[in-house]
Structures are given as structure tokens and as C-alpha cells.
$ cat structure-v1.cif   # mmCIF, C-alpha atoms and all ligand atoms
data_model
#
loop_
_atom_site.label_atom_id
_atom_site.label_comp_id
_atom_site.auth_asym_id
_atom_site.auth_seq_id
_atom_site.Cartn_x
_atom_site.Cartn_y
_atom_site.Cartn_z
CA MET A 1 72.15 119.10 76.23
CA THR A 2 73.77 121.24 78.86
CA LEU A 3 77.09 121.33 80.67
CA ALA A 4 75.47 122.55 83.90
CA PRO A 5 75.94 119.22 85.74
CA LEU A 6 79.68 119.39 85.05
CA THR A 7 80.17 122.87 86.48
CA ARG A 8 77.88 122.02 89.37
CA THR A 9 79.49 118.78 90.49
CA ARG A 10 83.07 118.56 89.27
CA ARG A 11 86.02 120.06 91.06
CA VAL A 12 88.35 120.25 88.08
CA ILE A 13 87.56 120.75 84.39
CA VAL A 14 90.29 120.61 81.74
CA CYS A 15 89.48 122.20 78.37
CA THR A 16 91.47 120.50 75.63
CA GLY A 17 91.40 120.92 71.87
CA SER A 18 93.51 122.08 68.97
CA GLY A 19 94.70 125.62 68.28
CA GLY A 20 92.25 128.48 68.01
CA VAL A 21 89.03 126.51 68.51
CA GLY A 22 87.86 128.38 71.61
CA LYS A 23 89.48 126.65 74.59
CA THR A 24 90.27 129.85 76.47
CA THR A 25 86.80 131.25 75.83
CA THR A 26 85.11 128.02 76.92
CA ALA A 27 87.23 127.74 80.07
CA ALA A 28 86.27 131.27 81.12
CA VAL A 29 82.57 130.60 80.44
CA LEU A 30 82.63 127.40 82.51
CA ALA A 31 84.21 129.13 85.50
CA MET A 32 81.67 131.92 85.21
CA GLU A 33 78.86 129.37 85.27
CA GLY A 34 80.41 127.85 88.41
CA ALA A 35 80.21 131.27 90.06
CA ARG A 36 76.59 131.60 88.89
CA GLN A 37 75.84 128.28 90.50
CA GLY A 38 77.19 129.69 93.75
CA ARG A 39 80.60 128.04 93.73
CA ARG A 40 84.02 129.50 94.35
CA ALA A 41 85.47 129.10 90.87
CA VAL A 42 88.76 129.96 89.25
CA VAL A 43 89.91 129.80 85.65
CA VAL A 44 93.56 129.33 84.71
CA THR A 45 93.97 130.91 81.28
CA ILE A 46 96.89 130.43 78.93
CA ASP A 47 97.81 133.28 76.60
CA PRO A 48 94.32 134.78 76.50
CA ALA A 49 93.61 137.34 73.77
CA LYS A 50 94.50 140.79 75.08
CA ARG A 51 90.94 142.08 75.17
CA LEU A 52 89.65 139.08 77.06
CA ALA A 53 92.55 139.40 79.51
CA ASP A 54 91.61 143.03 80.04
CA ALA A 55 87.97 142.12 80.59
CA LEU A 56 89.02 139.56 83.18
CA GLY A 57 91.21 142.12 84.89
CA LEU A 58 94.37 140.26 83.94
CA GLU A 59 96.56 143.17 82.90
CA SER A 60 99.77 141.40 83.74
CA LEU A 61 101.00 137.95 84.52
CA ALA A 62 100.26 137.34 88.14
CA ASP A 63 100.95 134.12 89.90
CA THR A 64 97.90 134.49 92.08
CA PRO A 65 94.28 134.71 90.95
CA THR A 66 92.36 137.99 90.82
CA GLU A 67 88.68 138.14 91.67
CA ILE A 68 86.27 139.34 89.00
CA GLU A 69 83.32 141.25 90.34
CA GLY A 70 79.99 140.26 88.93
CA ASP A 71 76.38 139.61 89.54
CA TRP A 72 76.61 136.02 90.78
CA PRO A 73 76.16 134.35 94.14
CA GLY A 74 79.51 132.54 94.01
CA GLU A 75 82.99 133.85 93.26
CA LEU A 76 84.84 134.07 89.96
CA TRP A 77 88.61 134.27 89.99
CA ALA A 78 91.01 134.23 87.07
CA LEU A 79 94.69 134.02 86.45
CA MET A 80 96.99 133.96 83.49
CA LEU A 81 99.48 131.14 83.68
CA ASP A 82 103.05 132.29 84.08
CA THR A 83 105.11 129.20 83.31
CA LYS A 84 108.35 130.59 84.65
CA SER A 85 107.13 131.81 88.00
CA THR A 86 105.10 128.63 88.57
CA PHE A 87 108.26 126.61 87.97
CA ASP A 88 110.22 128.93 90.27
CA SER A 89 107.80 128.44 93.11
CA LEU A 90 107.91 124.69 92.61
CA VAL A 91 111.70 124.85 92.95
CA MET A 92 111.35 126.97 96.10
CA LYS A 93 108.91 124.45 97.51
CA TYR A 94 111.12 121.42 96.95
CA ALA A 95 114.59 122.78 97.55
CA PRO A 96 115.85 121.64 100.94
CA SER A 97 117.30 125.08 101.61
CA ARG A 98 116.80 128.60 100.46
CA SER A 99 120.35 128.83 99.18
CA GLN A 100 119.90 125.70 97.06
CA ALA A 101 116.69 127.18 95.62
CA GLU A 102 118.42 130.43 94.83
CA GLY A 103 121.30 128.57 93.24
CA ILE A 104 118.88 126.87 90.86
CA LEU A 105 116.90 130.00 90.08
CA ARG A 106 120.11 131.85 89.23
CA ASN A 107 121.50 129.03 87.11
CA ARG A 108 121.63 129.92 83.42
CA PHE A 109 120.81 126.39 82.32
CA TYR A 110 117.68 126.42 84.50
CA ARG A 111 116.70 129.83 83.20
CA ASN A 112 116.89 128.57 79.63
CA VAL A 113 115.54 125.13 80.19
CA SER A 114 112.67 126.02 82.51
CA SER A 115 110.70 127.61 79.73
CA ALA A 116 112.16 125.90 76.67
CA LEU A 117 111.84 122.29 77.71
CA SER A 118 109.02 120.80 75.68
CA GLY A 119 105.90 120.30 77.74
CA THR A 120 106.94 122.74 80.47
CA GLN A 121 103.94 124.97 79.81
CA GLU A 122 101.60 121.98 79.97
CA TYR A 123 103.28 120.76 83.13
CA MET A 124 103.01 124.12 84.81
CA ALA A 125 99.35 124.41 83.80
CA MET A 126 98.73 121.07 85.53
CA GLU A 127 100.87 122.12 88.48
CA LYS A 128 98.90 125.35 88.89
CA LEU A 129 95.67 123.42 88.65
CA TYR A 130 96.83 121.09 91.42
CA GLU A 131 97.97 123.97 93.60
CA LEU A 132 94.68 125.87 93.26
CA HIS A 133 92.68 122.71 93.86
CA GLU A 134 94.69 121.68 96.92
CA GLU A 135 95.61 124.96 98.49
CA GLY A 136 93.50 127.69 96.90
CA GLY A 137 90.23 126.75 98.55
CA PHE A 138 88.44 126.63 95.19
CA GLU A 139 85.45 124.40 94.61
CA LEU A 140 85.88 124.49 90.86
CA VAL A 141 89.14 124.91 88.98
CA VAL A 142 88.79 125.23 85.21
CA VAL A 143 91.99 124.99 83.27
CA ASP A 144 92.61 126.15 79.75
CA THR A 145 95.37 124.32 77.85
CA PRO A 146 98.02 125.47 75.42
CA PRO A 147 97.43 124.62 71.76
CA THR A 148 99.17 121.25 71.75
CA ARG A 149 99.15 118.67 68.99
CA ASN A 150 98.79 115.85 71.42
CA ALA A 151 96.29 115.70 74.27
CA LEU A 152 98.61 113.40 76.16
CA ASP A 153 101.12 116.20 76.60
CA PHE A 154 99.21 117.34 79.68
CA ILE A 155 99.10 113.91 81.11
CA ASP A 156 102.69 113.22 80.19
CA ALA A 157 104.07 116.60 81.14
CA PRO A 158 104.41 116.13 84.91
CA ARG A 159 106.36 112.93 84.35
CA ARG A 160 108.48 114.41 81.60
CA LEU A 161 110.49 116.59 83.94
CA THR A 162 111.21 113.77 86.32
CA ARG A 163 112.25 111.68 83.34
CA PHE A 164 114.49 114.50 82.26
CA LEU A 165 116.06 114.63 85.70
CA ASP A 166 116.55 110.88 85.45
CA ASN A 167 118.13 111.06 82.02
CA ARG A 168 121.18 108.82 81.81
CA VAL A 169 123.38 111.36 80.07
CA PHE A 170 122.71 113.82 82.84
CA ARG A 171 123.30 111.17 85.46
CA LEU A 172 126.69 110.75 83.86
CA LEU A 173 127.27 114.47 83.91
CA MET A 174 126.69 114.48 87.62
CA MET A 175 129.03 111.62 88.32
CA PRO A 176 132.22 113.62 88.61
CA THR A 177 130.95 114.77 92.00
CA ARG A 178 130.63 111.25 93.28
CA ALA A 179 133.94 110.09 94.55
CA TYR A 180 133.00 106.43 94.61
CA LEU A 181 132.72 106.32 90.86
CA LYS A 182 136.36 107.04 90.15
CA ALA A 183 136.54 104.41 87.44
CA VAL A 184 133.68 105.86 85.48
CA ASN A 185 135.12 109.29 86.00
CA VAL A 186 137.65 108.99 83.22
CA ALA A 187 134.99 107.98 80.74
CA THR A 188 132.71 110.71 82.02
CA ARG A 189 135.38 113.32 81.66
CA THR A 190 135.97 112.22 78.10
CA LEU A 191 132.25 112.40 77.44
CA LEU A 192 132.09 115.85 79.00
CA ARG A 193 134.98 117.01 76.89
CA THR A 194 133.27 115.77 73.76
CA ILE A 195 129.99 117.43 74.67
CA SER A 196 131.86 120.61 75.60
CA ARG A 197 133.44 120.74 72.19
CA VAL A 198 130.01 120.60 70.58
CA VAL A 199 127.95 122.88 72.80
CA GLY A 200 130.63 124.91 74.55
CA SER A 201 132.11 124.29 77.98
CA GLU A 202 130.05 127.02 79.65
CA VAL A 203 126.84 125.30 78.71
CA VAL A 204 128.11 122.06 80.15
CA GLN A 205 129.26 123.72 83.37
CA ASP A 206 125.84 125.34 83.75
CA ALA A 207 124.14 122.03 83.09
CA VAL A 208 126.33 120.18 85.59
CA ALA A 209 125.70 122.87 88.19
CA PHE A 210 121.97 122.63 87.47
CA PHE A 211 121.81 118.88 87.97
CA GLN A 212 123.97 119.12 91.05
CA ALA A 213 121.65 121.74 92.45
CA PHE A 214 118.68 119.46 91.78
CA GLU A 215 120.26 116.59 93.69
CA GLY A 216 117.92 115.33 96.32
CA MET A 217 114.93 117.14 94.86
CA GLU A 218 113.94 114.59 92.22
CA GLU A 219 111.96 112.58 94.71
CA GLY A 220 109.89 115.58 95.75
CA PHE A 221 109.20 116.41 92.13
CA ARG A 222 108.31 112.83 91.33
CA GLN A 223 105.84 112.57 94.19
CA ARG A 224 104.30 115.86 93.22
CA ALA A 225 103.99 114.70 89.60
CA ASP A 226 102.24 111.55 90.79
CA ARG A 227 99.78 113.55 92.86
CA VAL A 228 99.03 115.79 89.88
CA LEU A 229 98.42 112.68 87.74
CA ASN A 230 96.13 111.21 90.36
CA LEU A 231 94.10 114.39 90.38
CA LEU A 232 93.78 114.27 86.57
CA ALA A 233 92.52 110.69 86.78
CA ASP A 234 90.15 111.46 89.67
CA PRO A 235 86.39 111.13 89.02
CA ALA A 236 86.00 114.73 90.24
CA THR A 237 88.01 115.82 87.21
CA ALA A 238 86.43 116.13 83.76
CA PHE A 239 88.12 116.50 80.40
CA LEU A 240 86.18 118.49 77.87
CA LEU A 241 86.99 118.54 74.17
CA VAL A 242 86.51 121.76 72.25
CA THR A 243 86.48 121.80 68.45
CA THR A 244 85.01 123.69 65.52
CA PRO A 245 82.99 121.99 62.76
CA ARG A 246 85.80 122.50 60.24
CA ALA A 247 87.28 119.32 58.81
CA ASP A 248 90.83 119.99 60.07
CA ALA A 249 89.73 120.83 63.61
CA LEU A 250 87.47 117.77 63.72
CA GLU A 251 90.33 115.61 62.53
CA GLU A 252 92.47 116.90 65.38
CA GLY A 253 89.51 116.44 67.70
CA ARG A 254 89.34 112.75 66.74
CA PHE A 255 93.06 112.46 67.39
CA PHE A 256 92.69 114.07 70.83
CA ALA A 257 89.77 111.81 71.69
CA ALA A 258 91.77 108.75 70.66
CA LYS A 259 94.78 109.80 72.74
CA LEU A 260 92.66 110.47 75.81
CA GLU A 261 90.95 107.13 75.37
CA GLU A 262 94.36 105.45 75.18
CA ALA A 263 95.19 107.04 78.53
CA GLY A 264 91.91 105.76 79.96
CA ILE A 265 90.53 109.28 80.30
CA PRO A 266 86.98 109.74 79.02
CA VAL A 267 85.95 112.91 77.17
CA GLU A 268 83.01 114.07 79.27
CA ALA A 269 81.66 116.75 76.98
CA LEU A 270 82.12 117.84 73.40
CA VAL A 271 81.80 121.54 72.60
CA VAL A 272 81.51 122.37 68.91
CA ASN A 273 82.19 126.04 68.63
CA ARG A 274 81.52 128.43 65.77
CA MET A 275 78.87 126.37 64.02
CA HIS A 276 77.07 127.90 61.08
CA PRO A 277 73.41 128.48 61.75
CA ARG A 278 70.74 126.53 59.99
CA PHE A 279 68.02 128.79 58.66
CA ALA A 280 65.69 126.31 56.98
CA SER A 281 63.69 123.49 58.46
CA VAL A 282 63.91 121.46 55.25
CA GLY A 283 66.98 119.94 53.59
CA ALA A 284 69.20 121.47 50.89
CA GLU A 285 67.81 119.11 48.22
CA VAL A 286 64.25 120.22 48.85
CA LEU A 287 65.34 123.85 48.65
CA ARG A 288 67.11 123.23 45.34
CA LYS A 289 63.95 121.69 43.91
CA ARG A 290 61.96 124.70 45.05
CA ALA A 291 64.54 126.96 43.41
CA GLY A 292 64.10 124.98 40.16
CA ALA A 293 60.31 125.36 40.37
CA GLN A 294 60.65 129.15 40.51
CA GLY A 295 62.10 129.45 37.01
CA ASP A 296 64.06 132.67 36.54
CA SER A 297 62.41 134.62 39.33
CA ALA A 298 64.34 136.42 42.09
CA LEU A 299 62.91 133.91 44.51
CA ALA A 300 64.82 131.15 42.71
CA GLY A 301 68.13 132.87 43.57
CA LEU A 302 67.11 133.23 47.19
CA TYR A 303 66.16 129.56 47.38
CA GLU A 304 69.55 128.67 45.85
CA ASN A 305 71.28 130.76 48.51
CA LEU A 306 69.33 129.18 51.29
CA ALA A 307 70.10 125.75 49.82
CA GLU A 308 73.84 126.49 50.00
CA PHE A 309 73.70 127.68 53.60
CA THR A 310 71.64 124.68 54.52
CA GLN A 311 74.06 122.35 52.80
CA LEU A 312 76.97 123.84 54.77
CA ALA A 313 75.04 123.31 57.99
CA GLU A 314 74.18 119.74 56.94
CA VAL A 315 77.81 118.89 56.17
CA GLU A 316 78.95 120.37 59.49
CA GLU A 317 76.26 118.45 61.32
CA ALA A 318 77.27 115.17 59.67
CA HIS A 319 80.93 115.68 60.60
CA VAL A 320 80.05 116.62 64.15
CA ALA A 321 77.79 113.59 64.51
CA GLU A 322 80.73 111.36 63.68
CA LEU A 323 82.94 112.82 66.42
CA SER A 324 80.06 112.89 68.85
CA GLU A 325 79.52 109.18 68.22
CA ARG A 326 83.17 108.59 69.06
CA VAL A 327 82.97 110.24 72.47
CA ARG A 328 79.55 108.84 73.45
CA PRO A 329 77.91 109.17 75.95
CA ALA A 330 79.53 112.61 76.38
CA PRO A 331 76.98 115.37 75.81
CA LEU A 332 77.41 117.47 72.67
CA VAL A 333 76.80 121.21 72.82
CA ARG A 334 76.89 123.52 69.84
CA VAL A 335 77.87 127.17 69.93
CA PRO A 336 77.09 129.29 66.88
CA PHE A 337 79.48 131.60 65.13
CA LEU A 338 78.83 134.91 66.86
CA PRO A 339 78.98 138.15 64.88
CA SER A 340 82.00 139.33 66.85
CA ASP A 341 84.88 138.11 69.00
CA VAL A 342 84.20 137.17 72.59
CA HIS A 343 86.16 139.67 74.59
CA ASP A 344 84.11 140.72 77.57
CA LEU A 345 81.85 139.33 80.29
CA ASP A 346 78.72 139.88 78.17
CA GLY A 347 80.28 137.88 75.34
CA LEU A 348 81.15 135.08 77.76
CA ALA A 349 77.60 135.14 79.13
CA GLU A 350 76.25 134.84 75.60
CA ILE A 351 78.36 131.75 74.93
CA GLY A 352 77.09 130.51 78.29
CA THR A 353 73.50 130.54 77.04
CA TYR A 354 74.50 127.86 74.50
CA LEU A 355 76.57 125.79 76.89
CA PHE A 356 74.06 125.82 79.69
CA ASP A 357 70.56 126.50 78.41
CA GLY A 358 70.43 124.03 75.58
CA ASP A 359 69.71 126.84 73.09
CA GLY A 360 72.39 125.51 70.80
CA GLU A 361 70.28 122.55 69.71
CA PRO A 362 69.74 122.65 65.97
CA ALA A 363 66.53 121.73 64.21
CA PRO A 364 66.13 117.97 63.95
CA PRO A 365 68.21 116.66 61.03
CA GLN A 366 66.38 116.32 57.74
CA THR A 367 66.82 113.60 55.23
CA PRO A 368 67.68 115.29 51.92
CA GLY A 369 64.92 115.07 49.36
CA HIS A 370 62.02 114.65 51.80
N1 LIG B 1 81.46 131.27 69.04
C1 LIG B 1 82.31 132.21 68.69
N2 LIG B 1 81.94 133.17 67.79
C2 LIG B 1 82.82 134.13 67.41
N3 LIG B 1 84.07 134.25 67.88
C3 LIG B 1 84.50 133.33 68.76
C4 LIG B 1 83.65 132.27 69.22
N4 LIG B 1 84.37 131.52 70.10
C5 LIG B 1 85.60 132.07 70.19
N5 LIG B 1 85.68 133.17 69.40
C6 LIG B 1 86.86 134.00 69.17
O1 LIG B 1 87.82 133.18 68.51
C7 LIG B 1 89.14 133.50 68.95
C8 LIG B 1 89.82 132.22 69.46
O2 LIG B 1 89.18 131.79 70.64
P1 LIG B 1 90.04 131.30 71.89
O3 LIG B 1 91.12 132.24 72.20
O4 LIG B 1 89.09 130.95 72.99
O5 LIG B 1 90.63 129.96 71.25
P2 LIG B 1 91.78 129.01 71.84
O6 LIG B 1 91.36 127.63 71.50
O7 LIG B 1 92.02 129.32 73.26
O8 LIG B 1 93.00 129.47 70.95
P3 LIG B 1 94.57 129.09 71.19
O9 LIG B 1 94.68 127.66 70.79
O10 LIG B 1 95.26 130.02 70.26
O11 LIG B 1 94.85 129.34 72.63
C9 LIG B 1 88.99 134.57 70.00
O12 LIG B 1 89.22 135.82 69.42
C10 LIG B 1 87.54 134.44 70.45
O13 LIG B 1 87.02 135.68 70.90
MG MG B 2 93.79 129.89 74.20
#
$ encode --input "structure-v1.cif" --output "C-alpha cells"
Amino acid sequence: MTLAPLTRTRRVIVCTGSGGVGKTTTAAVLAMEGARQGRRAVVVTIDPAKRLADALGLESLADTPTEIEGDWPGELWALMLDTKSTFDSLVMKYAPSRSQAEGILRNRFYRNVSSALSGTQEYMAMEKLYELHEEGGFELVVVDTPPTRNALDFIDAPRRLTRFLDNRVFRLLMMPTRAYLKAVNVATRTLLRTISRVVGSEVVQDAVAFFQAFEGMEEGFRQRADRVLNLLADPATAFLLVTTPRADALEEGRFFAAKLEEAGIPVEALVVNRMHPRFASVGAEVLRKRAGAQGDSALAGLYENLAEFTQLAEVEEAHVAELSERVRPAPLVRVPFLPSDVHDLDGLAEIGTYLFDGDGEPAPPQTPGH
């Protein structure tokens, strides 16, 4: 199994999965493969480990991608997502005037809400992906995702902000500015007073100013959100699920797969990262029998050891097979536990040998006892 067809043909690849499984690493490896295949590729990373960021030349948050020099016919670019500045540029893009944009960017409520609102990071990741795809001239955009509990957060995120802007309470907050709603005004003022007592009148004033400043921009945001969603659902986009063979990660993997399926989005590849190697070509049971046949000799202990390692690999393989069955016909690729962290281009290239050369295939499964 290899992921080469994905990096060769798709225009967008989204790496999803639970926390710490290797999403950022996988995303970087996929973009690198795109460059090796001669494409102009970019990876959007989210909170990469410091050493990997250094290796990718991402010393600081930059809103624009940096090119990584390397020995490939295509181009490899990388950027670290900066949620705040992505949101700011979206505001600049959709504000009818510069002064309205500046009013929003200065607003305290916006400054707090733009990074704290749940799903904002996911939304901005999707927004960046759309921008690079549409305007960056990239043939392949690989996007890493934040460690979310729910895969649908990415799909939901673009709509969440427009829903937030549509929120009825906030509609009410904005009403005092609309003269034709005099009757409601009294009720609204009472509501505002009540809210003010709870959260403080400054907060309410900031919030009102924020929603007033956003007036007229919701439509632009909504259309943009729809375009982002269309891109995610496009056949040129592939969702890839990364997991480890540990029971908890696999459980989350199943959950992710189910959520994506609910949204009508197929998982197009399953990457099982950090698998334990399998050293023996026979099953754990056979090895235990051999250990027994050795009596008290040193060889018996070694056979026991090998039996334990083999059993671990067998259990992992059985768990993985279950998830793989769930996401069929998505290819399954296995990446072994490497002796050290993946923090430079060589490390990424090594992971690449498993994702793209099919070297990660284990020995054919053995039936215990035969
Ligand atoms: N196959 C591997 N062998 C050894 N170390 C690995 C392997 N894959 C990833 N790592 C290391 O594991 C750590 C976590 O990987 P990574 O940052 O890619 O995960 P993530 O899913 O992006 O995490 P988060 O959810 O926190 O963003 C990193 O230090 C990385 O170098
Ligand atoms: Mg990560």
C-alpha cells in the first residue's frame, strides 16, 4: 500500500486524528512527497514541535508560506498557522471599508473572541487552506489539524462563526441601533441591563460595538464559509486519518471515522503510526511452545521474550485490522516506531519511505499455534 496516488493527484489533503498521533509529521511528509513528485506543494502546520518548526524554517508565525530548499523537482513550502492574523485578514477582506475593518480589529470583544471562540483555530485552518488553494498557486495543499475531539469540528467550523453572528441574543443586542424596532427596544434595554449586571457593562458595550461593526459583513463570511465547505467536499480533496495502534487512539480513530462518515466524507487513507515491529515470522503461541521445549536454557528466556514482542505486534495488528475494515477501501499504511523523534528533513524522508514505498507492510499474519 502506498499513498503516492493521493499526493500525485489530489489538490488538498486534510490530516485528521486525535492528539499526539503524528498528524503534523504526516502532513509535512505528504507535502514533501508532493514536491518530490514535481508538484508545487505547501503544508499548513498547527503548533509544530519546535525542532520540526526549525527544520522547516518556521522560526516565527508568518502568515505567508516559506519555501524549503531541497533536492526535489517540485517546490515545498510550509507555514505555521496563525489563527489571529488569518482572522484579521479575513476581516480586512470582507469589511466594506478600511475604517470598519480597523474598528473591528481594535475592538476588545473581537480581540478576545477571535481566538477564544471554540472552533476558531479549526476554521482558520480551513480558511488558510482555501486561500492557499485558490490564490496561492499551489497544486497540493496539505493541512494539519489541531488535536480536536471531533472530526466534524473542521467541517462545522466555517459555519460556526456565521451561526455565531446570527445568534438571536446578539441580534437583540444590535437592535438598539435600529430605529424601527422601538417597541422591542425597551425589552432589549432591560435585557442589556441584566446582561451588563452579570458580565459588566464594558463587556456588553464592546460586544455591541463588535456586532455593529460586523453589520453587513455576515453575508460575505457566509459565502466564504460555503466555498470552504464546497472545497472540503470536492473530489480533489482527501481526508486522511492518522492514528497509533494504542487502544485509546484507535478508539478515537473509530469515532473520527464515524463522524466523517456521518458528514458523507470518506476517509481515503489510514496511517497507523508508531507500530511495534514484528521480529518473528511465526506466532506468539508457537514461540511459547519452543520456549517450553528448551527447558531451563538461556534460549528459553529469549524465546519467551520474542513471544511477548510478537504478541504485542499481533494485538496491535488485530486492532488495526478492525479500524481498517471500517474505513475500507481506504489503503492502510503502517509506520514503525522510530528510535527518535522526527524533527528534521531526514526524519521526514524516513517516514516517507513507509508512506510511499510500501516498506511498512508487516509479515503476513500468522494464526497462533500453527
Ligand atoms: N513514527 C514515529 N516514530 C517516532 N517518533 C514519532 C513518530 N511519528 C511522530 N513521532 C514524534 O511524535 C511526536 C508527535 O508527533 P506529531 O507532532 O506529528 O503529532 P500530532 O498528531 O501533530 O500531535 P498534536 O495532536 O499534539 O498536534 C513528535 O515529537 C514526533 O517527532
Ligand atoms: Mg500537531
$ atom_distance --input "structure-v1.cif" --atom1 "atom CA of A:Asp88" --atom2 "atom CA of A:Thr45"
18.7 Å
$ residues_near_ligand --input "structure-v1.cif" --ligand "ligand LIG 1 (chain B)" --cutoff "9 Å" --atoms "only C-alpha atoms and all ligand atoms" --output "PyMOL selection string"
chain A and resi 15-28+45-49+51-52+144-148+242-243+272-275+335-344+347+351
$ atom_distance --input "structure-v1.cif" --atom1 "atom CA of A:Val333" --atom2 "atom CA of A:Leu240"
11.0 Å
$ closest_residue --input "structure-v1.cif" --among "A:Lys50, A:Arg111, A:Arg40, A:Arg11" --to "ligand MG 2 (chain B)" --atoms "all atoms listed in the file"
A:Lys50
$ residues_around --input "structure-v1.cif" --residues "A:Gly264" --least-positions-apart "2" --cutoff "12 Å" --atoms "only C-alpha atoms" --output "PDB file with C-alpha atoms, keeping the file's coordinate frame"
ATOM      1  CA  LEU A 152      98.610 113.400  76.160  1.00  0.00           C
ATOM      2  CA  ILE A 155      99.100 113.910  81.110  1.00  0.00           C
ATOM      3  CA  LEU A 232      93.780 114.270  86.570  1.00  0.00           C
ATOM      4  CA  ALA A 233      92.520 110.690  86.780  1.00  0.00           C
ATOM      5  CA  ASP A 234      90.150 111.460  89.670  1.00  0.00           C
ATOM      6  CA  PRO A 235      86.390 111.130  89.020  1.00  0.00           C
ATOM      7  CA  PHE A 239      88.120 116.500  80.400  1.00  0.00           C
ATOM      8  CA  ALA A 257      89.770 111.810  71.690  1.00  0.00           C
ATOM      9  CA  ALA A 258      91.770 108.750  70.660  1.00  0.00           C
ATOM     10  CA  LYS A 259      94.780 109.800  72.740  1.00  0.00           C
ATOM     11  CA  LEU A 260      92.660 110.470  75.810  1.00  0.00           C
ATOM     12  CA  GLU A 261      90.950 107.130  75.370  1.00  0.00           C
ATOM     13  CA  GLU A 262      94.360 105.450  75.180  1.00  0.00           C
ATOM     14  CA  PRO A 266      86.980 109.740  79.020  1.00  0.00           C
ATOM     15  CA  VAL A 267      85.950 112.910  77.170  1.00  0.00           C
TER      16      VAL A 267
END
$ residues_around --input "structure-v1.cif" --residues "A:Gly70" --least-positions-apart "4" --cutoff "9 Å" --atoms "all atoms listed in the file" --output "JSON, numbers by chain"
{"A": [75, 76, 345]}
$ closest_residue --input "structure-v1.cif" --among "A:His319, A:Arg227, A:Arg278, A:Arg290" --to "A:Ala249" --atoms "all atoms listed in the file"
A:His319
